[in-house]
Every structure is written in C-alpha cells, then in structure tokens.
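Below is upload12.pdb, holding PDB, C-alpha atoms and all ligand atoms.
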ATOM      1  CA  MET X   1     -21.343  -6.162 -34.454  1.00  0.00           C
ATOM      2  CA  ALA X   2     -24.100  -3.968 -35.861  1.00  0.00           C
ATOM      3  CA  ASP X   3     -22.151  -0.856 -34.846  1.00  0.00           C
ATOM      4  CA  ARG X   4     -18.997  -2.224 -36.504  1.00  0.00           C
ATOM      5  CA  LEU X   5     -20.861  -2.940 -39.725  1.00  0.00           C
ATOM      6  CA  LEU X   6     -22.628   0.402 -39.796  1.00  0.00           C
ATOM      7  CA  ASP X   7     -19.335   2.196 -39.192  1.00  0.00           C
ATOM      8  CA  ALA X   8     -17.609   0.202 -41.930  1.00  0.00           C
ATOM      9  CA  MET X   9     -20.469   0.867 -44.340  1.00  0.00           C
ATOM     10  CA  ALA X  10     -20.389   4.586 -43.573  1.00  0.00           C
ATOM     11  CA  ARG X  11     -16.650   4.639 -44.248  1.00  0.00           C
ATOM     12  CA  SER X  12     -17.194   2.695 -47.494  1.00  0.00           C
ATOM     13  CA  ALA X  13     -18.974   5.752 -48.888  1.00  0.00           C
ATOM     14  CA  SER X  14     -15.568   7.326 -49.456  1.00  0.00           C
ATOM     15  CA  ARG X  15     -14.134   4.282 -51.275  1.00  0.00           C
ATOM     16  CA  LEU X  16     -14.791   3.847 -54.961  1.00  0.00           C
ATOM     17  CA  TYR X  17     -16.049   0.428 -55.895  1.00  0.00           C
ATOM     18  CA  GLY X  18     -12.954  -0.738 -57.730  1.00  0.00           C
ATOM     19  CA  GLY X  19     -12.521   1.573 -60.704  1.00  0.00           C
ATOM     20  CA  GLU X  20     -16.248   2.175 -61.017  1.00  0.00           C
ATOM     21  CA  ALA X  21     -18.081   5.479 -60.775  1.00  0.00           C
ATOM     22  CA  VAL X  22     -19.873   4.452 -57.584  1.00  0.00           C
ATOM     23  CA  SER X  23     -18.691   4.038 -54.024  1.00  0.00           C
ATOM     24  CA  GLU X  24     -18.684   0.757 -52.142  1.00  0.00           C
ATOM     25  CA  LEU X  25     -21.698   2.017 -50.159  1.00  0.00           C
ATOM     26  CA  GLU X  26     -23.602   3.041 -53.299  1.00  0.00           C
ATOM     27  CA  HIS X  27     -22.930  -0.387 -54.798  1.00  0.00           C
ATOM     28  CA  ALA X  28     -24.286  -2.107 -51.685  1.00  0.00           C
ATOM     29  CA  LEU X  29     -27.381   0.085 -51.593  1.00  0.00           C
ATOM     30  CA  GLN X  30     -27.989  -0.384 -55.324  1.00  0.00           C
ATOM     31  CA  CYS X  31     -27.786  -4.142 -54.936  1.00  0.00           C
ATOM     32  CA  ALA X  32     -30.193  -4.195 -51.997  1.00  0.00           C
ATOM     33  CA  GLU X  33     -32.601  -1.863 -53.766  1.00  0.00           C
ATOM     34  CA  LEU X  34     -32.576  -4.003 -56.912  1.00  0.00           C
ATOM     35  CA  ALA X  35     -33.324  -7.058 -54.775  1.00  0.00           C
ATOM     36  CA  ARG X  36     -36.173  -5.244 -53.026  1.00  0.00           C
ATOM     37  CA  ALA X  37     -37.604  -4.060 -56.333  1.00  0.00           C
ATOM     38  CA  ALA X  38     -37.424  -7.619 -57.671  1.00  0.00           C
ATOM     39  CA  GLY X  39     -39.470  -8.868 -54.717  1.00  0.00           C
ATOM     40  CA  ALA X  40     -36.677 -10.518 -52.750  1.00  0.00           C
ATOM     41  CA  ASP X  41     -37.402 -11.326 -49.123  1.00  0.00           C
ATOM     42  CA  GLU X  42     -35.655  -9.483 -46.276  1.00  0.00           C
ATOM     43  CA  GLU X  43     -32.897 -12.080 -45.880  1.00  0.00           C
ATOM     44  CA  LEU X  44     -31.958 -11.828 -49.529  1.00  0.00           C
ATOM     45  CA  GLN X  45     -32.082  -8.039 -49.392  1.00  0.00           C
ATOM     46  CA  LEU X  46     -29.752  -8.162 -46.382  1.00  0.00           C
ATOM     47  CA  ALA X  47     -27.402 -10.508 -48.239  1.00  0.00           C
ATOM     48  CA  CYS X  48     -27.350  -8.082 -51.149  1.00  0.00           C
ATOM     49  CA  LEU X  49     -26.658  -5.141 -48.864  1.00  0.00           C
ATOM     50  CA  LEU X  50     -23.775  -6.946 -47.160  1.00  0.00           C
ATOM     51  CA  HIS X  51     -22.420  -9.090 -49.994  1.00  0.00           C
ATOM     52  CA  ASP X  52     -19.160  -7.142 -50.343  1.00  0.00           C
ATOM     53  CA  VAL X  53     -18.581  -6.547 -46.644  1.00  0.00           C
ATOM     54  CA  GLY X  54     -15.335  -8.488 -47.001  1.00  0.00           C
ATOM     55  CA  ARG X  55     -14.025  -5.664 -49.192  1.00  0.00           C
ATOM     56  CA  TYR X  56     -14.312  -2.935 -46.572  1.00  0.00           C
ATOM     57  CA  ALA X  57     -15.085  -4.241 -43.079  1.00  0.00           C
ATOM     58  CA  VAL X  58     -12.137  -6.555 -42.463  1.00  0.00           C
ATOM     59  CA  ASP X  59      -8.389  -6.255 -42.114  1.00  0.00           C
ATOM     60  CA  PRO X  60      -7.206  -5.700 -45.722  1.00  0.00           C
ATOM     61  CA  SER X  61      -4.267  -8.042 -45.175  1.00  0.00           C
ATOM     62  CA  LEU X  62      -6.790 -10.906 -44.997  1.00  0.00           C
ATOM     63  CA  VAL X  63      -8.285 -10.238 -48.430  1.00  0.00           C
ATOM     64  CA  PHE X  64      -6.610 -10.492 -51.850  1.00  0.00           C
ATOM     65  CA  ASP X  65      -9.342  -9.104 -54.083  1.00  0.00           C
ATOM     66  CA  THR X  66     -10.184  -5.697 -52.701  1.00  0.00           C
ATOM     67  CA  GLY X  67      -8.450  -3.895 -55.536  1.00  0.00           C
ATOM     68  CA  GLU X  68      -5.518  -3.194 -53.250  1.00  0.00           C
ATOM     69  CA  PRO X  69      -3.367  -6.316 -53.726  1.00  0.00           C
ATOM     70  CA  SER X  70      -0.306  -4.796 -52.160  1.00  0.00           C
ATOM     71  CA  ARG X  71      -2.079  -4.902 -48.798  1.00  0.00           C
ATOM     72  CA  ALA X  72      -2.925  -8.598 -48.981  1.00  0.00           C
ATOM     73  CA  GLY X  73      -0.993 -10.882 -46.678  1.00  0.00           C
ATOM     74  CA  PRO X  74       0.337 -14.329 -47.546  1.00  0.00           C
ATOM     75  CA  HIS X  75      -2.797 -16.070 -46.270  1.00  0.00           C
ATOM     76  CA  ALA X  76      -5.318 -13.693 -47.801  1.00  0.00           C
ATOM     77  CA  ARG X  77      -8.542 -15.118 -49.226  1.00  0.00           C
ATOM     78  CA  GLY X  78     -11.377 -13.848 -51.358  1.00  0.00           C
ATOM     79  CA  HIS X  79     -13.584 -11.068 -49.988  1.00  0.00           C
ATOM     80  CA  HIS X  80     -16.641 -13.296 -50.298  1.00  0.00           C
ATOM     81  CA  GLU X  81     -15.114 -15.917 -47.996  1.00  0.00           C
ATOM     82  CA  VAL X  82     -13.798 -13.466 -45.418  1.00  0.00           C
ATOM     83  CA  GLY X  83     -17.035 -11.473 -45.480  1.00  0.00           C
ATOM     84  CA  ALA X  84     -19.188 -14.564 -45.007  1.00  0.00           C
ATOM     85  CA  GLU X  85     -17.103 -15.651 -42.033  1.00  0.00           C
ATOM     86  CA  LEU X  86     -17.375 -12.207 -40.478  1.00  0.00           C
ATOM     87  CA  LEU X  87     -21.161 -12.253 -40.777  1.00  0.00           C
ATOM     88  CA  ALA X  88     -21.920 -15.918 -40.085  1.00  0.00           C
ATOM     89  CA  PRO X  89     -22.347 -15.657 -36.284  1.00  0.00           C
ATOM     90  CA  TRP X  90     -24.701 -12.705 -36.641  1.00  0.00           C
ATOM     91  CA  VAL X  91     -26.955 -13.345 -39.615  1.00  0.00           C
ATOM     92  CA  PRO X  92     -29.200 -16.196 -40.766  1.00  0.00           C
ATOM     93  CA  GLU X  93     -27.240 -19.028 -42.383  1.00  0.00           C
ATOM     94  CA  ARG X  94     -28.814 -18.252 -45.749  1.00  0.00           C
ATOM     95  CA  VAL X  95     -27.456 -14.699 -45.687  1.00  0.00           C
ATOM     96  CA  ALA X  96     -23.893 -15.861 -44.976  1.00  0.00           C
ATOM     97  CA  TRP X  97     -24.248 -18.539 -47.661  1.00  0.00           C
ATOM     98  CA  CYS X  98     -25.303 -15.949 -50.230  1.00  0.00           C
ATOM     99  CA  VAL X  99     -22.387 -13.687 -49.298  1.00  0.00           C
ATOM    100  CA  ARG X 100     -19.968 -16.616 -49.664  1.00  0.00           C
ATOM    101  CA  ALA X 101     -21.488 -17.718 -52.980  1.00  0.00           C
ATOM    102  CA  HIS X 102     -21.852 -14.371 -54.718  1.00  0.00           C
ATOM    103  CA  ALA X 103     -18.417 -14.340 -56.365  1.00  0.00           C
ATOM    104  CA  ASP X 104     -18.835 -17.862 -57.739  1.00  0.00           C
ATOM    105  CA  ALA X 105     -22.354 -16.962 -58.861  1.00  0.00           C
ATOM    106  CA  LYS X 106     -20.938 -14.086 -60.872  1.00  0.00           C
ATOM    107  CA  ARG X 107     -18.291 -16.336 -62.399  1.00  0.00           C
ATOM    108  CA  TYR X 108     -20.974 -18.835 -63.318  1.00  0.00           C
ATOM    109  CA  LEU X 109     -23.101 -16.149 -64.948  1.00  0.00           C
ATOM    110  CA  CYS X 110     -20.100 -14.833 -66.859  1.00  0.00           C
ATOM    111  CA  ALA X 111     -19.344 -18.318 -68.115  1.00  0.00           C
ATOM    112  CA  THR X 112     -22.866 -19.264 -69.097  1.00  0.00           C
ATOM    113  CA  GLU X 113     -24.633 -16.022 -70.036  1.00  0.00           C
ATOM    114  CA  PRO X 114     -22.770 -13.922 -72.604  1.00  0.00           C
ATOM    115  CA  ASP X 115     -25.315 -11.114 -72.209  1.00  0.00           C
ATOM    116  CA  TYR X 116     -24.500 -10.858 -68.512  1.00  0.00           C
ATOM    117  CA  PHE X 117     -20.784 -10.771 -69.223  1.00  0.00           C
ATOM    118  CA  ALA X 118     -21.261  -8.170 -71.954  1.00  0.00           C
ATOM    119  CA  ARG X 119     -23.103  -5.831 -69.573  1.00  0.00           C
ATOM    120  CA  LEU X 120     -20.219  -5.744 -67.097  1.00  0.00           C
ATOM    121  CA  SER X 121     -17.802  -2.878 -67.306  1.00  0.00           C
ATOM    122  CA  ALA X 122     -14.189  -3.644 -68.125  1.00  0.00           C
ATOM    123  CA  GLU X 123     -13.414  -2.918 -64.485  1.00  0.00           C
ATOM    124  CA  ALA X 124     -15.864  -5.503 -63.237  1.00  0.00           C
ATOM    125  CA  ALA X 125     -15.209  -8.239 -65.778  1.00  0.00           C
ATOM    126  CA  PRO X 126     -13.414 -11.109 -64.121  1.00  0.00           C
ATOM    127  CA  ASP X 127     -11.203 -11.933 -67.074  1.00  0.00           C
ATOM    128  CA  GLN X 128      -8.170 -10.166 -65.667  1.00  0.00           C
ATOM    129  CA  ARG X 129      -8.785 -10.672 -61.974  1.00  0.00           C
ATOM    130  CA  CYS X 130     -10.010 -14.194 -61.674  1.00  0.00           C
ATOM    131  CA  PRO X 131      -8.089 -17.146 -63.095  1.00  0.00           C
ATOM    132  CA  ARG X 132     -10.973 -19.458 -62.194  1.00  0.00           C
ATOM    133  CA  ALA X 133     -13.300 -17.382 -64.354  1.00  0.00           C
ATOM    134  CA  ASP X 134     -10.790 -17.553 -67.189  1.00  0.00           C
ATOM    135  CA  ARG X 135     -10.925 -21.324 -66.986  1.00  0.00           C
ATOM    136  CA  LEU X 136     -14.706 -21.276 -66.854  1.00  0.00           C
ATOM    137  CA  LEU X 137     -14.954 -18.877 -69.763  1.00  0.00           C
ATOM    138  CA  ASP X 138     -12.595 -20.981 -71.883  1.00  0.00           C
ATOM    139  CA  GLY X 139     -12.767 -18.493 -74.715  1.00  0.00           C
ATOM    140  CA  ARG X 140     -16.563 -18.610 -75.015  1.00  0.00           C
ATOM    141  CA  ALA X 141     -17.321 -15.152 -73.723  1.00  0.00           C
ATOM    142  CA  PRO X 142     -16.229 -12.140 -75.749  1.00  0.00           C
ATOM    143  CA  ARG X 143     -13.368 -10.006 -74.565  1.00  0.00           C
ATOM    144  CA  ARG X 144     -14.432  -6.445 -74.274  1.00  0.00           C
ATOM    145  CA  ALA X 145     -12.720  -3.286 -75.309  1.00  0.00           C
ATOM    146  CA  SER X 146     -12.296  -0.837 -72.494  1.00  0.00           C
ATOM    147  CA  ARG X 147     -15.171   1.609 -72.548  1.00  0.00           C
ATOM    148  CA  GLY X 148     -14.611   3.563 -69.434  1.00  0.00           C
ATOM    149  CA  HIS X 149     -16.300   3.220 -66.130  1.00  0.00           C
ATOM    150  CA  SER X 150     -19.739   1.873 -65.498  1.00  0.00           C
ATOM    151  CA  ALA X 151     -21.907   1.687 -62.448  1.00  0.00           C
ATOM    152  CA  ARG X 152     -23.275  -1.617 -63.617  1.00  0.00           C
ATOM    153  CA  GLY X 153     -20.390  -3.849 -62.770  1.00  0.00           C
ATOM    154  CA  HIS X 154     -20.042  -6.149 -59.866  1.00  0.00           C
ATOM    155  CA  ARG X 155     -17.232  -7.962 -58.187  1.00  0.00           C
TER     156      ARG X 155
HETATM  157 FE    FE F 201     -18.234  -9.100 -54.459  1.00  0.00          FE
END
Would you put the structure from the file into structure tokens?
Amino acid sequence: MADRLLDAMARSASRLYGGEAVSELEHALQCAELARAAGADEELQLACLLHDVGRYAVDPSLVFDTGEPSRAGPHARGHHEVGAELLAPWVPERVAWCVRAHADAKRYLCATEPDYFARLSAEAAPDQRCPRADRLLDGRAPRRASRGHSARGHR
C-alpha cells in the first residue's frame, strides 16, 4: 500500500489541483507543512498529507469531485469518502476519520466563517461545486468575483 500511495503521490505532481496554480502534490505537502508548523501531531500531519488521496490514487470512475466529472461513474462518491476507505485499513482510525471529514469541515467553515470563505479562490469556493454547501451558506456568505487562480484554496 505504501508503494501504491507513493507512486500515486509522485504522479500527482503533474496534475494541477483543480484550476489552482499548484499541483495536487504541492497542495498535499503545503497542507502537511502547515499542520507541522502549527504543532499538529504526526497523525494529523499524515491526515493532512493524504487528505485528497481520493482525488488521485483511486479509479476516477469512483469519484465525482475530482474536477473531471466526465470520468465519474454512476455510483461515484466524494473524494473524501473514497480516499478514507482506501486508507482505513492502513492508517490509524483518526487519520481516516480526518480524511473523510475534511470536505464537510470545509463546508462548515465556509458556512460559519465568512473570512475563511473570502480567502478561498473562486476555483476552490464550494458555491458552484457543492449543493450541500449552497444550502449551508443560505446566502450568508458573499459571492466572490473571479480573481484568477490562487494557491490558497482547498477542496
Ligand atoms: Fe479535499
């Protein structure tokens, strides 16, 4: 499993993270580094490193939110769910839980913290990609004008 993950992560260096100016690998490394710098323990750093593994280490037909919807099959699920299931047998339960919860955590932050939402790039804002976030936002968070790409977003 470690070899599969390392190979997938290496290949993710050539995939842009959505429409952002960073690759999937750079996004993962940035997230893990931010967690380390904030004093997170090793499990949380690992969760940050692997949180989007469902975007690049699984069969794309199983995932509907990789930015390539035409490849999603009829039973596709969110990358956070598929990624957590991929990792669950191999990582501490807390790591898999964090991977599964990260998309909902972002939606929660977008719904409750306007400053968080405002810092996301237009590419990373969930308003066009996530109907559940639209319901959560319920018009409270500002819609943003497109301002190009940003390395600060997260999906
Ligand atoms: Fe994600």
Show me, as a Markdown table, the residues of chain X having an atom within 10 Å of ligand FE 201 (chain F), each with the closest atom pair and its distance in Å, using only C-alpha atoms and all ligand atoms.
| residue | atom | partner | partner_atom | distance |
| --- | --- | --- | --- | --- |
| X:Tyr17 | CA | F:FE201 | FE | 9.9 |
| X:His27 | CA | F:FE201 | FE | 9.9 |
| X:Ala28 | CA | F:FE201 | FE | 9.7 |
| X:Cys48 | CA | F:FE201 | FE | 9.8 |
| X:Leu50 | CA | F:FE201 | FE | 9.4 |
| X:His51 | CA | F:FE201 | FE | 6.1 |
| X:Asp52 | CA | F:FE201 | FE | 4.7 |
| X:Val53 | CA | F:FE201 | FE | 8.2 |
| X:Gly54 | CA | F:FE201 | FE | 8.0 |
| X:Arg55 | CA | F:FE201 | FE | 7.6 |
| X:Asp65 | CA | F:FE201 | FE | 8.9 |
| X:Thr66 | CA | F:FE201 | FE | 8.9 |
| X:Gly78 | CA | F:FE201 | FE | 8.9 |
| X:His79 | CA | F:FE201 | FE | 6.7 |
| X:His80 | CA | F:FE201 | FE | 6.1 |
| X:Glu81 | CA | F:FE201 | FE | 9.9 |
| X:Gly83 | CA | F:FE201 | FE | 9.4 |
| X:Val99 | CA | F:FE201 | FE | 8.1 |
| X:Arg100 | CA | F:FE201 | FE | 9.1 |
| X:Ala101 | CA | F:FE201 | FE | 9.3 |
| X:His102 | CA | F:FE201 | FE | 6.4 |
| X:Ala103 | CA | F:FE201 | FE | 5.6 |
| X:Asp104 | CA | F:FE201 | FE | 9.4 |
| X:Ala105 | CA | F:FE201 | FE | 9.9 |
| X:Lys106 | CA | F:FE201 | FE | 8.6 |
| X:Ala124 | CA | F:FE201 | FE | 9.8 |
| X:His154 | CA | F:FE201 | FE | 6.4 |
| X:Arg155 | CA | F:FE201 | FE | 4.0 |
Subject >> Residue neighbourhood Ala72 (chain X), 7 Å, all atoms listed in the file, exclusion window fewer than 4 positions, as an NGL selection string >> reply: :X and (60-64 or 76)
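Here CA of Ala40 (chain X) stands at a distance of 13.1 Å from CA of Arg94 (chain X).
From CA of Leu46 (chain X) back to CA of Val95 (chain X), the distance works out to 7.0 Å.
Note that CA of Ser70 (chain X) and CA of Gly19 (chain X) are 16.2 Å apart.
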Give as a compact mmCIF listing (two decimals) with C-alpha atoms, in the frame of the given file the residues that the PyMOL selection byres (((chain X and resi 26) around 10) and not hetatm) matches when applied to the coordinates above.
# COMPACT_ATOMS: atom_id res chain seq x y z
CA MET X 9 -20.47 0.87 -44.34
CA SER X 12 -17.19 2.70 -47.49
CA ALA X 13 -18.97 5.75 -48.89
CA SER X 14 -15.57 7.33 -49.46
CA ARG X 15 -14.13 4.28 -51.28
CA LEU X 16 -14.79 3.85 -54.96
CA TYR X 17 -16.05 0.43 -55.90
CA ALA X 21 -18.08 5.48 -60.78
CA VAL X 22 -19.87 4.45 -57.58
CA SER X 23 -18.69 4.04 -54.02
CA GLU X 24 -18.68 0.76 -52.14
CA LEU X 25 -21.70 2.02 -50.16
CA HIS X 27 -22.93 -0.39 -54.80
CA ALA X 28 -24.29 -2.11 -51.68
CA LEU X 29 -27.38 0.08 -51.59
CA GLN X 30 -27.99 -0.38 -55.32
CA CYS X 31 -27.79 -4.14 -54.94
CA ALA X 32 -30.19 -4.20 -52.00
CA LEU X 49 -26.66 -5.14 -48.86
CA ALA X 151 -21.91 1.69 -62.45
**OP:** Using only C-alpha atoms, find the one residue out of X:Ala118, X:Ala57, X:Ala96, X:Ala47 that sits nearest to Ala8 (chain X).
**Re:** X:Ala57
I need region 69-101 of chain X from the structure I supplied, saved as a PDB file, in the first residue's frame with N, CA and C atoms retained.
ATOM      1  N   PRO X  69     -15.513  15.482 -14.098  1.00  0.00           N
ATOM      2  CA  PRO X  69     -16.799  14.802 -13.901  1.00  0.00           C
ATOM      3  C   PRO X  69     -17.160  13.826 -14.999  1.00  0.00           C
ATOM      4  N   SER X  70     -16.607  14.023 -16.174  1.00  0.00           N
ATOM      5  CA  SER X  70     -16.972  13.117 -17.258  1.00  0.00           C
ATOM      6  C   SER X  70     -16.452  11.705 -17.017  1.00  0.00           C
ATOM      7  N   ARG X  71     -15.505  11.561 -16.094  1.00  0.00           N
ATOM      8  CA  ARG X  71     -14.941  10.241 -15.822  1.00  0.00           C
ATOM      9  C   ARG X  71     -15.677   9.529 -14.701  1.00  0.00           C
ATOM     10  N   ALA X  72     -16.561  10.232 -14.013  1.00  0.00           N
ATOM     11  CA  ALA X  72     -17.252   9.640 -12.871  1.00  0.00           C
ATOM     12  C   ALA X  72     -18.317   8.653 -13.333  1.00  0.00           C
ATOM     13  N   GLY X  73     -18.355   7.508 -12.689  1.00  0.00           N
ATOM     14  CA  GLY X  73     -19.356   6.508 -12.993  1.00  0.00           C
ATOM     15  C   GLY X  73     -20.648   6.777 -12.256  1.00  0.00           C
ATOM     16  N   PRO X  74     -21.658   5.958 -12.501  1.00  0.00           N
ATOM     17  CA  PRO X  74     -22.978   6.204 -11.901  1.00  0.00           C
ATOM     18  C   PRO X  74     -23.006   6.053 -10.377  1.00  0.00           C
ATOM     19  N   HIS X  75     -22.046   5.352  -9.823  1.00  0.00           N
ATOM     20  CA  HIS X  75     -22.026   5.151  -8.370  1.00  0.00           C
ATOM     21  C   HIS X  75     -20.878   5.906  -7.700  1.00  0.00           C
ATOM     22  N   ALA X  76     -20.392   6.921  -8.378  1.00  0.00           N
ATOM     23  CA  ALA X  76     -19.261   7.687  -7.848  1.00  0.00           C
ATOM     24  C   ALA X  76     -19.658   8.420  -6.562  1.00  0.00           C
ATOM     25  N   ARG X  77     -18.663   8.579  -5.692  1.00  0.00           N
ATOM     26  CA  ARG X  77     -18.877   9.293  -4.424  1.00  0.00           C
ATOM     27  C   ARG X  77     -17.810  10.370  -4.278  1.00  0.00           C
ATOM     28  N   GLY X  78     -17.892  11.106  -3.197  1.00  0.00           N
ATOM     29  CA  GLY X  78     -16.943  12.178  -2.965  1.00  0.00           C
ATOM     30  C   GLY X  78     -15.535  11.651  -2.721  1.00  0.00           C
ATOM     31  N   HIS X  79     -14.534  12.431  -3.101  1.00  0.00           N
ATOM     32  CA  HIS X  79     -13.141  12.005  -2.959  1.00  0.00           C
ATOM     33  C   HIS X  79     -12.780  11.756  -1.499  1.00  0.00           C
ATOM     34  N   HIS X  80     -13.395  12.492  -0.602  1.00  0.00           N
ATOM     35  CA  HIS X  80     -13.100  12.319   0.823  1.00  0.00           C
ATOM     36  C   HIS X  80     -13.568  10.947   1.325  1.00  0.00           C
ATOM     37  N   GLU X  81     -14.698  10.487   0.823  1.00  0.00           N
ATOM     38  CA  GLU X  81     -15.217   9.180   1.228  1.00  0.00           C
ATOM     39  C   GLU X  81     -14.377   8.054   0.628  1.00  0.00           C
ATOM     40  N   VAL X  82     -14.118   8.157  -0.660  1.00  0.00           N
ATOM     41  CA  VAL X  82     -13.349   7.104  -1.340  1.00  0.00           C
ATOM     42  C   VAL X  82     -11.921   7.068  -0.804  1.00  0.00           C
ATOM     43  N   GLY X  83     -11.342   8.233  -0.570  1.00  0.00           N
ATOM     44  CA  GLY X  83      -9.983   8.287  -0.027  1.00  0.00           C
ATOM     45  C   GLY X  83      -9.902   7.694   1.368  1.00  0.00           C
ATOM     46  N   ALA X  84     -10.863   8.013   2.202  1.00  0.00           N
ATOM     47  CA  ALA X  84     -10.867   7.466   3.572  1.00  0.00           C
ATOM     48  C   ALA X  84     -10.988   5.949   3.556  1.00  0.00           C
ATOM     49  N   GLU X  85     -11.814   5.424   2.668  1.00  0.00           N
ATOM     50  CA  GLU X  85     -11.959   3.972   2.585  1.00  0.00           C
ATOM     51  C   GLU X  85     -10.684   3.310   2.073  1.00  0.00           C
ATOM     52  N   LEU X  86     -10.012   3.962   1.155  1.00  0.00           N
ATOM     53  CA  LEU X  86      -8.743   3.423   0.659  1.00  0.00           C
ATOM     54  C   LEU X  86      -7.717   3.321   1.789  1.00  0.00           C
ATOM     55  N   LEU X  87      -7.668   4.348   2.618  1.00  0.00           N
ATOM     56  CA  LEU X  87      -6.645   4.418   3.666  1.00  0.00           C
ATOM     57  C   LEU X  87      -7.001   3.637   4.929  1.00  0.00           C
ATOM     58  N   ALA X  88      -8.263   3.486   5.219  1.00  0.00           N
ATOM     59  CA  ALA X  88      -8.707   2.978   6.523  1.00  0.00           C
ATOM     60  C   ALA X  88      -7.987   1.718   7.004  1.00  0.00           C
ATOM     61  N   PRO X  89      -7.744   0.718   6.151  1.00  0.00           N
ATOM     62  CA  PRO X  89      -7.055  -0.479   6.672  1.00  0.00           C
ATOM     63  C   PRO X  89      -5.589  -0.250   7.034  1.00  0.00           C
ATOM     64  N   TRP X  90      -5.032   0.875   6.623  1.00  0.00           N
ATOM     65  CA  TRP X  90      -3.587   1.058   6.699  1.00  0.00           C
ATOM     66  C   TRP X  90      -3.144   2.172   7.628  1.00  0.00           C
ATOM     67  N   VAL X  91      -4.050   2.987   8.057  1.00  0.00           N
ATOM     68  CA  VAL X  91      -3.682   4.146   8.887  1.00  0.00           C
ATOM     69  C   VAL X  91      -4.491   4.118  10.183  1.00  0.00           C
ATOM     70  N   PRO X  92      -4.041   4.855  11.197  1.00  0.00           N
ATOM     71  CA  PRO X  92      -4.849   4.944  12.422  1.00  0.00           C
ATOM     72  C   PRO X  92      -6.261   5.468  12.100  1.00  0.00           C
ATOM     73  N   GLU X  93      -7.223   5.013  12.871  1.00  0.00           N
ATOM     74  CA  GLU X  93      -8.621   5.386  12.643  1.00  0.00           C
ATOM     75  C   GLU X  93      -8.806   6.900  12.568  1.00  0.00           C
ATOM     76  N   ARG X  94      -8.071   7.605  13.402  1.00  0.00           N
ATOM     77  CA  ARG X  94      -8.187   9.075  13.423  1.00  0.00           C
ATOM     78  C   ARG X  94      -7.784   9.684  12.086  1.00  0.00           C
ATOM     79  N   VAL X  95      -6.773   9.128  11.444  1.00  0.00           N
ATOM     80  CA  VAL X  95      -6.322   9.657  10.159  1.00  0.00           C
ATOM     81  C   VAL X  95      -7.422   9.468   9.115  1.00  0.00           C
ATOM     82  N   ALA X  96      -7.974   8.261   9.040  1.00  0.00           N
ATOM     83  CA  ALA X  96      -9.056   8.008   8.072  1.00  0.00           C
ATOM     84  C   ALA X  96     -10.266   8.890   8.373  1.00  0.00           C
ATOM     85  N   TRP X  97     -10.560   9.093   9.658  1.00  0.00           N
ATOM     86  CA  TRP X  97     -11.691   9.943  10.026  1.00  0.00           C
ATOM     87  C   TRP X  97     -11.461  11.372   9.538  1.00  0.00           C
ATOM     88  N   CYS X  98     -10.261  11.876   9.722  1.00  0.00           N
ATOM     89  CA  CYS X  98      -9.960  13.237   9.271  1.00  0.00           C
ATOM     90  C   CYS X  98     -10.079  13.356   7.742  1.00  0.00           C
ATOM     91  N   VAL X  99      -9.591  12.344   7.033  1.00  0.00           N
ATOM     92  CA  VAL X  99      -9.696  12.369   5.574  1.00  0.00           C
ATOM     93  C   VAL X  99     -11.168  12.388   5.176  1.00  0.00           C
ATOM     94  N   ARG X 100     -11.988  11.555   5.811  1.00  0.00           N
ATOM     95  CA  ARG X 100     -13.413  11.512   5.486  1.00  0.00           C
ATOM     96  C   ARG X 100     -14.104  12.840   5.829  1.00  0.00           C
ATOM     97  N   ALA X 101     -13.690  13.475   6.894  1.00  0.00           N
ATOM     98  CA  ALA X 101     -14.391  14.668   7.385  1.00  0.00           C
ATOM     99  C   ALA X 101     -13.912  15.968   6.751  1.00  0.00           C
TER     100      ALA X 101
END
